[in-house]
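Structure file data_14.txt (compact mmCIF, C-alpha atoms (C1' of nucleotides)) is printed below.
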# COMPACT_ATOMS: atom_id res chain seq x y z
CA MET A 1 0.00 0.00 0.00
CA LYS A 2 1.50 3.27 -1.14
CA ILE A 3 0.45 6.50 0.57
CA ALA A 4 1.56 9.92 -0.62
CA THR A 5 1.30 13.56 0.38
CA TYR A 6 1.56 16.47 -2.04
CA ASN A 7 1.19 20.18 -1.45
CA VAL A 8 -0.03 21.09 -4.93
CA ASN A 9 -0.16 24.89 -4.49
CA GLY A 10 -3.40 25.28 -6.48
CA VAL A 11 -5.18 22.09 -7.53
CA ASN A 12 -6.64 23.52 -10.72
CA GLY A 13 -3.53 25.30 -11.94
CA ARG A 14 -1.59 22.16 -11.04
CA LEU A 15 -4.01 19.63 -12.53
CA PRO A 16 -1.87 18.48 -15.50
CA VAL A 17 1.13 17.97 -13.20
CA LEU A 18 -1.00 16.21 -10.58
CA LEU A 19 -2.53 13.83 -13.13
CA ARG A 20 0.85 13.10 -14.71
CA TRP A 21 2.31 12.29 -11.31
CA LEU A 22 -0.68 10.10 -10.28
CA GLU A 23 -0.32 8.13 -13.50
CA GLU A 24 3.41 7.71 -13.00
CA SER A 25 3.48 7.04 -9.26
CA GLN A 26 0.19 5.10 -8.84
CA PRO A 27 -0.25 5.80 -5.12
CA ASP A 28 -3.17 4.08 -3.39
CA VAL A 29 -3.91 6.99 -1.08
CA VAL A 30 -2.98 10.65 -1.52
CA CYS A 31 -3.31 13.62 0.81
CA LEU A 32 -3.34 16.97 -0.99
CA GLN A 33 -2.79 20.40 0.52
CA GLU A 34 -3.20 23.96 -0.68
CA LEU A 35 -6.04 23.24 -3.07
CA LYS A 36 -6.65 27.01 -3.29
CA ALA A 37 -10.10 26.28 -4.65
CA PRO A 38 -13.62 26.64 -3.26
CA GLN A 39 -15.52 23.43 -2.53
CA GLU A 40 -17.38 23.44 -5.86
CA LYS A 41 -14.27 24.08 -7.96
CA PHE A 42 -12.43 20.89 -7.01
CA PRO A 43 -11.64 18.94 -10.22
CA GLU A 44 -13.70 15.95 -9.12
CA GLN A 45 -14.31 14.49 -12.57
CA ALA A 46 -10.67 14.61 -13.66
CA ILE A 47 -9.63 12.91 -10.42
CA LYS A 48 -12.35 10.30 -10.88
CA ASP A 49 -11.28 9.71 -14.49
CA ALA A 50 -7.75 9.10 -13.17
CA GLY A 51 -9.20 6.30 -11.05
CA TYR A 52 -9.47 8.00 -7.66
CA ASN A 53 -12.27 8.51 -5.18
CA ALA A 54 -11.90 11.76 -3.28
CA ILE A 55 -13.11 13.76 -0.34
CA TRP A 56 -12.05 17.36 0.05
CA HIS A 57 -12.57 20.50 2.06
CA GLY A 58 -12.09 23.48 -0.19
CA GLN A 59 -11.79 27.16 0.57
CA LYS A 60 -11.77 30.20 -1.64
CA SER A 61 -8.24 31.41 -2.50
CA TRP A 62 -6.31 29.68 0.27
CA ASN A 63 -5.72 26.41 2.09
CA GLY A 64 -7.88 23.42 1.19
CA VAL A 65 -7.13 19.72 1.79
CA ALA A 66 -8.20 16.47 0.18
CA ILE A 67 -7.84 12.70 0.48
CA LEU A 68 -7.77 10.58 -2.68
CA ALA A 69 -7.91 6.79 -2.85
CA ARG A 70 -7.64 4.44 -5.79
CA GLY A 71 -10.27 1.69 -5.67
CA LEU A 72 -10.75 2.08 -1.93
CA ASP A 73 -13.60 3.52 0.08
CA ILE A 74 -12.90 6.74 1.95
CA LYS A 75 -14.90 6.93 5.16
CA GLU A 76 -14.70 10.50 6.33
CA ARG A 77 -14.26 11.07 10.07
CA THR A 78 -13.86 14.84 10.21
CA ARG A 79 -12.95 17.79 8.04
CA GLU A 80 -11.81 20.08 10.80
CA LEU A 81 -9.27 19.94 13.56
CA PRO A 82 -11.10 19.86 16.92
CA GLY A 83 -10.62 22.59 19.48
CA ASP A 84 -11.61 25.90 17.91
CA PRO A 85 -15.01 26.34 16.24
CA GLU A 86 -13.96 29.85 15.18
CA ASP A 87 -11.08 28.57 13.06
CA LEU A 88 -12.48 28.49 9.53
CA HIS A 89 -9.28 27.59 7.67
CA SER A 90 -9.52 24.33 5.69
CA ARG A 91 -6.39 22.68 7.00
CA TYR A 92 -7.36 19.23 8.24
CA ILE A 93 -9.26 16.24 6.89
CA GLU A 94 -9.39 12.74 8.30
CA ALA A 95 -10.77 9.47 7.01
CA GLU A 96 -10.60 5.71 7.38
CA VAL A 97 -9.10 4.04 4.34
CA ASN A 98 -8.29 0.34 4.16
CA GLY A 99 -8.29 -0.06 7.94
CA ILE A 100 -6.05 2.94 8.59
CA ILE A 101 -6.99 6.38 9.89
CA VAL A 102 -5.41 8.93 7.57
CA GLY A 103 -5.16 12.53 8.77
CA GLY A 104 -4.16 15.00 6.07
CA LEU A 105 -2.98 18.36 7.37
CA TYR A 106 -1.72 21.74 6.28
CA LEU A 107 -0.14 23.35 9.30
CA PRO A 108 -0.06 27.17 9.25
CA ASN A 109 3.08 28.86 7.94
CA GLY A 110 3.26 31.29 10.89
CA ASN A 111 5.32 34.10 9.40
CA PRO A 112 6.06 36.82 10.22
CA THR A 113 7.36 36.15 13.69
CA PRO A 114 6.55 37.34 16.22
CA GLY A 115 2.92 38.19 15.55
CA PRO A 116 -0.63 36.87 15.32
CA LYS A 117 0.16 34.45 12.51
CA PHE A 118 2.88 32.81 14.59
CA GLU A 119 0.50 32.64 17.57
CA TYR A 120 -2.06 30.95 15.33
CA LYS A 121 0.52 28.44 14.18
CA LEU A 122 1.45 27.47 17.73
CA LYS A 123 -2.22 27.27 18.78
CA TRP A 124 -2.98 25.07 15.78
CA PHE A 125 -0.03 22.88 16.70
CA GLU A 126 -1.41 22.50 20.24
CA ARG A 127 -4.79 21.43 18.86
CA LEU A 128 -3.11 18.94 16.53
CA THR A 129 -1.10 17.55 19.44
CA ALA A 130 -4.23 17.17 21.57
CA HIS A 131 -6.04 15.40 18.74
CA ALA A 132 -3.04 13.17 18.04
CA ALA A 133 -2.96 12.15 21.71
CA GLU A 134 -6.52 10.83 21.31
CA LEU A 135 -5.73 9.07 18.05
CA ILE A 136 -2.63 7.28 19.31
CA LYS A 137 -4.63 5.79 22.20
CA GLY A 138 -7.02 4.04 19.82
CA ASP A 139 -6.80 0.54 18.38
CA MET A 140 -6.75 1.58 14.74
CA PRO A 141 -3.41 2.46 13.14
CA VAL A 142 -3.02 6.13 12.18
CA ILE A 143 -0.99 8.14 9.68
CA LEU A 144 -0.71 11.91 10.17
CA THR A 145 0.72 13.35 7.00
CA GLY A 146 0.94 16.59 5.09
CA ASP A 147 2.68 19.93 5.04
CA TYR A 148 3.77 20.51 8.64
CA ASN A 149 5.65 23.73 7.81
CA VAL A 150 8.38 22.58 10.21
CA MET A 151 11.99 21.64 9.58
CA PRO A 152 12.53 19.29 12.54
CA THR A 153 16.34 19.54 12.70
CA GLU A 154 19.25 21.43 11.18
CA MET A 155 19.75 18.53 8.79
CA ASP A 156 16.45 19.47 7.19
CA VAL A 157 17.51 22.98 6.10
CA TYR A 158 20.05 23.87 3.43
CA LYS A 159 21.35 26.79 5.51
CA PRO A 160 20.03 26.50 9.05
CA GLU A 161 21.67 29.71 10.26
CA ARG A 162 19.49 31.71 7.88
CA TRP A 163 16.29 30.20 9.22
CA VAL A 164 16.66 30.47 13.00
CA ASN A 165 14.07 33.24 13.32
CA ASP A 166 11.69 31.90 10.72
CA ALA A 167 8.36 30.51 11.87
CA LEU A 168 9.19 27.16 10.24
CA PHE A 169 12.35 26.74 12.28
CA ARG A 170 11.91 28.78 15.46
CA PRO A 171 12.76 26.89 18.66
CA GLU A 172 9.07 26.96 19.66
CA THR A 173 8.08 25.34 16.36
CA ARG A 174 10.70 22.62 16.53
CA ALA A 175 9.83 22.00 20.17
CA ALA A 176 6.16 21.59 19.23
CA PHE A 177 7.06 19.04 16.57
CA HIS A 178 9.29 17.05 18.90
CA ASN A 179 6.66 17.22 21.61
CA LEU A 180 4.18 15.70 19.18
CA LEU A 181 6.66 12.96 18.24
CA SER A 182 7.21 12.19 21.91
CA GLN A 183 3.68 10.79 22.13
CA GLY A 184 5.08 7.82 20.22
CA TRP A 185 4.86 8.86 16.57
CA THR A 186 7.60 7.92 14.11
CA ASP A 187 8.86 10.33 11.44
CA ALA A 188 8.85 7.73 8.65
CA LEU A 189 11.46 9.20 6.28
CA ARG A 190 13.90 10.08 9.03
CA HIS A 191 13.38 6.61 10.53
CA LEU A 192 14.45 4.92 7.30
CA TYR A 193 17.16 7.44 6.44
CA PRO A 194 18.63 8.73 9.72
CA ASP A 195 21.65 10.36 8.11
CA GLU A 196 20.45 11.47 4.67
CA VAL A 197 19.76 15.04 3.65
CA ILE A 198 16.16 14.93 2.44
CA TYR A 199 14.21 17.89 1.10
CA THR A 200 10.55 18.15 0.06
CA PHE A 201 10.34 21.86 -0.85
CA TRP A 202 12.39 24.22 -2.96
CA ASP A 203 11.59 27.91 -3.43
CA TYR A 204 10.50 29.10 -6.86
CA PHE A 205 13.17 31.77 -7.03
CA ARG A 206 16.94 32.04 -6.94
CA ASN A 207 17.20 28.69 -8.71
CA ALA A 208 16.56 26.99 -5.40
CA TYR A 209 15.80 23.61 -6.97
CA GLU A 210 18.86 23.70 -9.23
CA ARG A 211 21.03 24.65 -6.25
CA ASN A 212 19.28 22.08 -4.05
CA ALA A 213 18.52 24.86 -1.57
CA GLY A 214 15.63 22.97 -0.02
CA LEU A 215 13.69 22.26 3.13
CA ARG A 216 12.15 19.11 4.57
CA ILE A 217 8.70 20.21 5.74
CA ASP A 218 6.30 17.51 4.43
CA HIS A 219 6.21 14.58 6.82
CA PHE A 220 4.68 11.20 7.58
CA LEU A 221 4.03 10.49 11.25
CA LEU A 222 3.28 6.83 11.90
CA HIS A 223 1.34 5.23 14.71
CA PRO A 224 3.45 2.63 16.61
CA LYS A 225 1.48 -0.20 14.99
CA LEU A 226 2.59 0.88 11.52
CA VAL A 227 6.35 1.14 12.03
CA LYS A 228 6.99 -2.55 11.43
CA ARG A 229 4.88 -2.36 8.27
CA LEU A 230 7.01 0.46 6.81
CA LYS A 231 8.75 -1.01 3.76
CA SER A 232 10.09 2.05 1.95
CA ALA A 233 9.69 5.81 1.60
CA GLY A 234 10.89 8.58 -0.63
CA VAL A 235 10.49 11.96 -2.26
CA ASP A 236 9.54 12.23 -5.94
CA ARG A 237 11.95 15.12 -6.26
CA HIS A 238 12.10 14.96 -10.07
CA VAL A 239 8.47 16.16 -10.14
CA ARG A 240 9.72 19.47 -8.73
CA GLY A 241 11.70 19.86 -11.96
CA TRP A 242 8.67 19.52 -14.22
CA GLU A 243 7.20 22.44 -16.09
CA LYS A 244 4.59 24.29 -13.99
CA SER A 245 5.53 22.34 -10.87
CA SER A 246 4.44 23.10 -7.32
CA ASP A 247 7.19 24.36 -5.02
CA HIS A 248 6.73 21.11 -3.05
CA ALA A 249 7.51 17.62 -4.30
CA PRO A 250 5.31 14.58 -3.55
CA VAL A 251 6.43 12.42 -0.64
CA TRP A 252 5.38 8.77 -0.19
CA ILE A 253 5.66 5.68 1.96
CA GLU A 254 4.95 2.01 1.27
CA LEU A 255 3.38 -0.24 3.89
CA SER A 256 3.24 -4.02 3.86
CA LYS A 257 -0.20 -5.64 4.13
CA LYS A 258 0.23 -6.67 7.77
C1' DA B 1 18.18 39.85 4.81
C1' DT B 2 15.20 39.62 1.01
C1' DG B 3 8.77 37.03 -1.81
C1' DC B 4 13.59 38.02 -6.80
C1' DC B 5 8.20 33.52 -8.29
C1' DG B 6 3.71 31.65 -8.50
C1' DT B 7 -1.33 31.23 -7.51
C1' DG B 8 -5.91 32.96 -6.99
C1' DG B 9 -9.19 36.64 -6.94
C1' DA B 10 -10.29 40.93 -7.92
C1' DA B 11 -9.64 44.35 -10.92
C1' DA B 12 -4.84 45.34 -13.96
C1' DC B 13 -3.01 45.38 -8.00
C1' DC B 14 -3.00 42.72 -3.75
C1' DA B 15 -2.78 38.83 -0.27
C1' DC B 16 -0.39 35.03 0.67
C1' DG B 17 3.07 31.57 0.73
C1' DA B 18 8.07 29.49 3.20

When written as structure tokens, how does the structure in this file appear?
Amino acid sequence: MKIATYNVNGVNGRLPVLLRWLEESQPDVVCLQELKAPQEKFPEQAIKDAGYNAIWHGQKSWNGVAILARGLDIKERTRELPGDPEDLHSRYIEAEVNGIIVGGLYLPNGNPTPGPKFEYKLKWFERLTAHAAELIKGDMPVILTGDYNVMPTEMDVYKPERWVNDALFRPETRAAFHNLLSQGWTDALRHLYPDEVIYTFWDYFRNAYERNAGLRIDHFLLHPKLVKRLKSAGVDRHVRGWEKSSDHAPVWIELSKK
DNA sequence: ATGCCGTGGAAACCACGA
């Protein structure tokens, strides 16, 4: 079973790239972030024609998350992160697929720091951590994946010294990520590749991709039950080099059946 | 140190992203 996450940065503008990658990569389950489309503008038919069922939570202009599954039922559990009814951003969607709870998330960027956006990021992180604590207690295995907007360690930044005061790398942000992990979650890519430099995002400008000036901010967090099922994982970094690419590359893991 | 690029939406500029 192959599960992927991809911050598409506009699902409609990105549709040809998304469809090309789905055809090439053939993931069974996909979490998408940054749809940047209202609910009724999601390209449902094109996704269906590519062989995927989908649930999504759109939003005009910004945010937006979806879960796709090829030949599998998607049983939606929630389309919002518990803990703040006044938070209207579409940043979380959760479903049961093939006996696994899949949470797809788009954690707030948080810049500039300090300021209200950074406060919102940390608050959102607290809500995610509270929700994750409930999920990890359950019997069903869970995957929490998506764009976390966090580089967990210095290894995950091309030039860490330039990012120390950025919301994606501030001590508070890294501490929140490690606090979440400490519940018992496993960072799947880092688990398989403890010493590799791995990036999932490259800026559009300054030839960041060509210079490999990247960040690792898209992650898979695995429930303890899933760690022994983790067969392989990777980043489809070549997709970042395609014409009209997102600034993120797709990231994926493969799980054995049992 | 920086939004230099890219997307979407509104209105030929602005908000936002990381």

Write out as a compact mmCIF listing (two decimals) with C-alpha atoms (C1' of nucleotides), in the frame of the given file every residue belonging to chain B that has an atom at most 9 Å from any atom of chain A, counting all atoms listed in the file.
# COMPACT_ATOMS: atom_id res chain seq x y z
C1' DA B 1 18.18 39.85 4.81
C1' DG B 3 8.77 37.03 -1.81
C1' DC B 4 13.59 38.02 -6.80
C1' DC B 5 8.20 33.52 -8.29
C1' DG B 6 3.71 31.65 -8.50
C1' DT B 7 -1.33 31.23 -7.51
C1' DG B 8 -5.91 32.96 -6.99
C1' DG B 9 -9.19 36.64 -6.94
C1' DC B 16 -0.39 35.03 0.67
C1' DG B 17 3.07 31.57 0.73
C1' DA B 18 8.07 29.49 3.20

Inset, instruction - Give me, please, the distance in Å between atom CA of A:Asp187 and atom CA of A:Glu23, quoted to one decimal. - result: 26.7 Å

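With all atoms listed in the file taken into account, the protein and nucleic acid residues at most 12 Å from A:Gly138 (excluding it and anything under 3 positions from it in its own chain) are Ile100, Ile101, His131, Ala132, Ala133, Glu134, Leu135, Pro141, Val142, His223, Pro224 and Lys225 of chain A.
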
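Atom CA of A:Glu210 is found 27.9 Å from atom CA of A:Leu105.
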
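Shell of stretch 40-43 of chain A at 10 Å, with all atoms listed in the file counted and residues fewer than 2 places along the chain excluded, is Val11, Asn12, Leu15, Leu35, Lys36, Ala37, Pro38, Gln45, Ala46, Ile47, Lys48, Ala54, Ile55, Trp56, His57, Gly58, Gln59, Lys60, Gly64 and Ala66 of chain A.
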